[in-house]
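Asker: Quick one: the structure is below, questions incoming.
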Amino acid sequence: MIALPRDRMDQVVKRYEMLEAQMAAGPAADQYVKLASEYSELGEMVAKVRSLREAEGELADLGAMLADKSTDAEMRALAEADLPYVEERIEQLQTDIQILLLPKDAADERNAILEIRAGTGGDEAALFAGDLFRMYERYAAGRGWKVEADSVSEGEKGGYKEIIATVSGKGVFAALKFESGVHRVQRVPETEAGGRIHTSAATVAVLPEAQEVDIEIRAEDIRIDTMRASGAGGQHVNTTDSAVRITHLPTGIMVVSAEKSQHQNRAKAMQILRARLYDLERSKADSERSESRKAQVGSGDRSERIRTYNFPQGRLTDHRINLTLYKLDRVMEGDIQEVIDALTADHQSRLLADAGMV
């Protein structure tokens, strides 16, 4: 059995019941929204705690029945049959509560800025970057999320040299935050006539969307340049001086947005800049909290090779958790939940170990 902090569990239930009473008392609309938000956040935990208490009561009853010498043979047999199921339910509930008690990443429920860049491999790397973006698009569609491209630089033979998009929906950053790093592909490129297997790479960065209250960007710290956009041709060519480049002078971070509207470009570029600065602040804080951060899943180290996509063998390997799946065709169609779940579980087990709860 897992040792749980019972006092903390009791506090959560009391807080939940107090919120329930305050909401029933008919507070002002703005106060009600605030109370309802916290009430909703605590709901899953309270349901698990109540279920655990119920199961523990059932276990005690079964134990008393088996300890009572007057219990007839039929009832004893039923109790003995029920016992392992109740114990299993208690163990699962304890594990669930343990995870719910872990410190929450404040950014988990936020939208995310998804950045994918072609790495080594020339045209094939750009094609692979395009494949990765479509993989995330399909995964997002399955979750009911919205994906909106903010900045696109197309490859000469297809795919993307770079694409930056905003992914909006419930729990986006929590699901995608472990995708940051170098993704390597091994396959026969469409651009290779000889049929030889090439190795190429693309870099993925997933940043939590930041609000103005998170990061203050002073006007004197940025330089905004307007320029003529360029493209590969066709509908993507922008013939007006609408592209916007914003440079954050203290850090040297540069963001370019090149859509049709200059006003829209400025807003998108500021959104991306704010996310990058927020990510920089989070990384500094994480590094200060844990010297072993780089050894952990989701360290955000953009130079870390995290995953290999081997097309000839239909194999995906995530090197951080030694996970290998032989369903690469489905993965590229957006079926990546199994990988995300495994990464999340590994991260949670590390947090539990750090907290001395395992």
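Going through the structure tokens in order, the chains are called A, B, and so on, while each chain numbers its residues from 1 and the ligands are numbered from 1 in the order shown.
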Which neighbours of A:Val204 fall inside 9 Å, counting only C-alpha atoms, when residues of the same chain fewer than 2 positions from it are skipped, and could you give them as a list of chain:residue names?
Answerer: A:Leu114, A:Glu115, A:Ile116, A:Arg117, A:Ala129, A:Leu132, A:Glu179, A:Ser180, A:Gly181, A:Val182, A:His183, A:Ala202, A:Val206, A:Arg302
Asker: Quick one: residues within 9 Å of A:Arg223, only C-alpha atoms, excluding same-chain residues fewer than 5 positions away - as a list of chain:residue names?
Answerer: A:Arg245, A:Ile246, A:Thr247, A:His248, A:Leu249
Asker: With C-alpha atoms retained, write the just-selected residues as a PDB file, in the first residue's frame.
Answerer:
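The file below, result.pdb, is the result:
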```pdb
ATOM      1  CA  ARG A 245      10.978  41.494 -37.953  1.00  0.00           C
ATOM      2  CA  ILE A 246      11.180  42.144 -34.226  1.00  0.00           C
ATOM      3  CA  THR A 247      14.546  41.947 -32.464  1.00  0.00           C
ATOM      4  CA  HIS A 248      14.717  41.747 -28.675  1.00  0.00           C
ATOM      5  CA  LEU A 249      17.910  43.678 -28.001  1.00  0.00           C
TER       6      LEU A 249
END
```
Asker: Rank A:Thr95, A:Leu351, A:Leu323, A:Glu156 by their smallest atom-to-atom distance to A:Thr308, using only C-alpha atoms, and report the top residue only.
Answerer: A:Leu323
Asker: For A:Glu148, work out the shell of residues within 7 Å, counting only C-alpha atoms and skipping chain neighbours fewer than 4 positions away, then give it as JSON, numbers by chain.
Answerer: {"A": [165, 166, 167]}
Asker: With N, CA and C atoms kept, could you save the residues just selected as an mmCIF file, in the first residue's frame?
Answerer:
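Okay, part.cif is ready:
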```
data_model
loop_
_atom_site.group_PDB
_atom_site.id
_atom_site.type_symbol
_atom_site.label_atom_id
_atom_site.label_comp_id
_atom_site.auth_asym_id
_atom_site.auth_seq_id
_atom_site.Cartn_x
_atom_site.Cartn_y
_atom_site.Cartn_z
ATOM 1 N N ALA A 165 3.681 27.716 -35.543
ATOM 2 C CA ALA A 165 2.220 27.697 -35.467
ATOM 3 C C ALA A 165 1.771 27.792 -34.021
ATOM 4 N N THR A 166 0.555 28.304 -33.836
ATOM 5 C CA THR A 166 -0.070 28.320 -32.514
ATOM 6 C C THR A 166 -1.067 27.170 -32.449
ATOM 7 N N VAL A 167 -0.951 26.352 -31.419
ATOM 8 C CA VAL A 167 -1.877 25.241 -31.209
ATOM 9 C C VAL A 167 -2.745 25.609 -30.003
#
```
Asker: Work out how far apart atom CA of A:Ile253 and atom CA of A:Arg276 are and give it in Å to one decimal.
Answerer: 8.1 Å
Asker: List the spatial neighbours of A:Leu52 as a tab-separated table (two decimals) with N, CA and C atoms, in the first residue's frame - criterion: any atom at most 12 Å away, only C-alpha atoms, same-chain residues fewer than 5 positions off excluded.
Answerer:
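Final output, saved to part-v2.tsv:
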```tsv
chain	number	residue	atom	x	y	z
A	4	LEU	N	0.02	7.79	1.69
A	4	LEU	CA	-0.45	9.06	1.15
A	4	LEU	C	-0.54	10.11	2.26
A	6	ARG	N	-2.51	12.00	4.20
A	6	ARG	CA	-3.95	12.04	4.49
A	6	ARG	C	-4.41	13.43	4.89
A	9	MET	N	-5.00	15.44	1.83
A	9	MET	CA	-6.21	14.97	1.15
A	9	MET	C	-7.46	15.53	1.84
A	45	MET	N	-9.69	15.24	-8.05
A	45	MET	CA	-9.02	14.80	-6.83
A	45	MET	C	-10.02	14.36	-5.77
A	46	VAL	N	-11.06	15.17	-5.55
A	46	VAL	CA	-12.06	14.86	-4.52
A	46	VAL	C	-12.80	13.57	-4.85
A	47	ALA	N	-13.14	13.39	-6.12
A	47	ALA	CA	-13.83	12.15	-6.54
A	47	ALA	C	-12.96	10.93	-6.25
A	57	GLY	N	-13.25	1.39	3.17
A	57	GLY	CA	-14.33	0.93	4.04
A	57	GLY	C	-14.79	-0.47	3.67
A	58	GLU	N	-14.87	-0.70	2.36
A	58	GLU	CA	-15.26	-2.01	1.86
A	58	GLU	C	-14.22	-3.06	2.24
A	59	LEU	N	-12.93	-2.69	2.16
A	59	LEU	CA	-11.85	-3.60	2.52
A	59	LEU	C	-11.92	-3.95	4.01
A	86	VAL	N	-10.88	-5.50	-4.62
A	86	VAL	CA	-10.93	-4.28	-3.80
A	86	VAL	C	-9.52	-3.75	-3.55
A	87	GLU	N	-8.58	-4.66	-3.26
A	87	GLU	CA	-7.18	-4.26	-3.03
A	87	GLU	C	-6.59	-3.64	-4.29
A	88	GLU	N	-6.91	-4.22	-5.44
A	88	GLU	CA	-6.41	-3.68	-6.71
A	88	GLU	C	-6.97	-2.28	-6.97
A	89	ARG	N	-8.28	-2.11	-6.66
A	89	ARG	CA	-8.92	-0.80	-6.86
A	89	ARG	C	-8.28	0.25	-5.94
A	90	ILE	N	-8.01	-0.13	-4.71
A	90	ILE	CA	-7.38	0.79	-3.76
A	90	ILE	C	-5.99	1.20	-4.24
A	91	GLU	N	-5.23	0.22	-4.73
A	91	GLU	CA	-3.88	0.51	-5.22
A	91	GLU	C	-3.91	1.48	-6.39
A	92	GLN	N	-4.87	1.29	-7.33
A	92	GLN	CA	-4.98	2.17	-8.48
A	92	GLN	C	-5.39	3.58	-8.05
A	93	LEU	N	-6.35	3.67	-7.14
A	93	LEU	CA	-6.79	4.98	-6.64
A	93	LEU	C	-5.66	5.69	-5.91
A	94	GLN	N	-4.87	4.97	-5.14
A	94	GLN	CA	-3.74	5.57	-4.44
A	94	GLN	C	-2.73	6.13	-5.43
A	95	THR	N	-2.47	5.38	-6.50
A	95	THR	CA	-1.54	5.85	-7.54
A	95	THR	C	-2.08	7.10	-8.21
A	96	ASP	N	-3.37	7.09	-8.55
A	96	ASP	CA	-3.99	8.25	-9.20
A	96	ASP	C	-3.90	9.49	-8.31
A	97	ILE	N	-4.20	9.32	-7.02
A	97	ILE	CA	-4.16	10.45	-6.08
A	97	ILE	C	-2.74	10.96	-5.91
A	98	GLN	N	-1.79	10.04	-5.86
A	98	GLN	CA	-0.38	10.40	-5.75
A	98	GLN	C	0.02	11.35	-6.88
```
Asker: List as a ChimeraX atom specification the protein and nucleic acid residues near stretch 214-222 of chain A, meaning an atom at most 10 Å away when only C-alpha atoms are counted, but skip any in the same chain fewer than 3 places from it.
Answerer: /A:209-211,225,246-254,270,273-278,281
Asker: Per DSSP on the backbone, what are the strand (DSSP E) residues of stretch 155-238 of chain A, as a count of residues only?
Answerer: 33
Asker: For atom CA of A:Glu56 and atom CA of A:Thr71, quote the distance in Å rounded to one decimal.
Answerer: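 Computed distance, atom CA of A:Glu56 to atom CA of A:Thr71, equals 20.4 Å.
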Asker: Atom CA of A:Ala112 and atom CA of A:Asp131 are how many Å apart?
Answerer: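 Pair atom CA of A:Ala112 / atom CA of A:Asp131 returns 19.0 Å.
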Asker: Could you pull the residues within 7 Å of A:Ala269, counting only C-alpha atoms, minus those fewer than 3 positions along the same chain, as an MDAnalysis selection string?
Answerer: chainID A and resid 246 255:257 265:266 272:273
Asker: Here is a test: counting only C-alpha atoms, which residue of A:Gly155, A:Gly43, A:Pro27, A:Gly142 is nearest to A:Gly119?
Answerer: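 Nearest candidate to A:Gly119 out of A:Gly155, A:Gly43, A:Pro27, A:Gly142: A:Gly155.
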Asker: From the set A:Arg134, A:Glu44, A:Leu316, A:Arg110, which residue has the shortest atom-to-atom contact distance to A:Gly334, counting only C-alpha atoms?
Answerer: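 Using only C-alpha atoms, the shortest distance to A:Gly334 belongs to A:Arg134.
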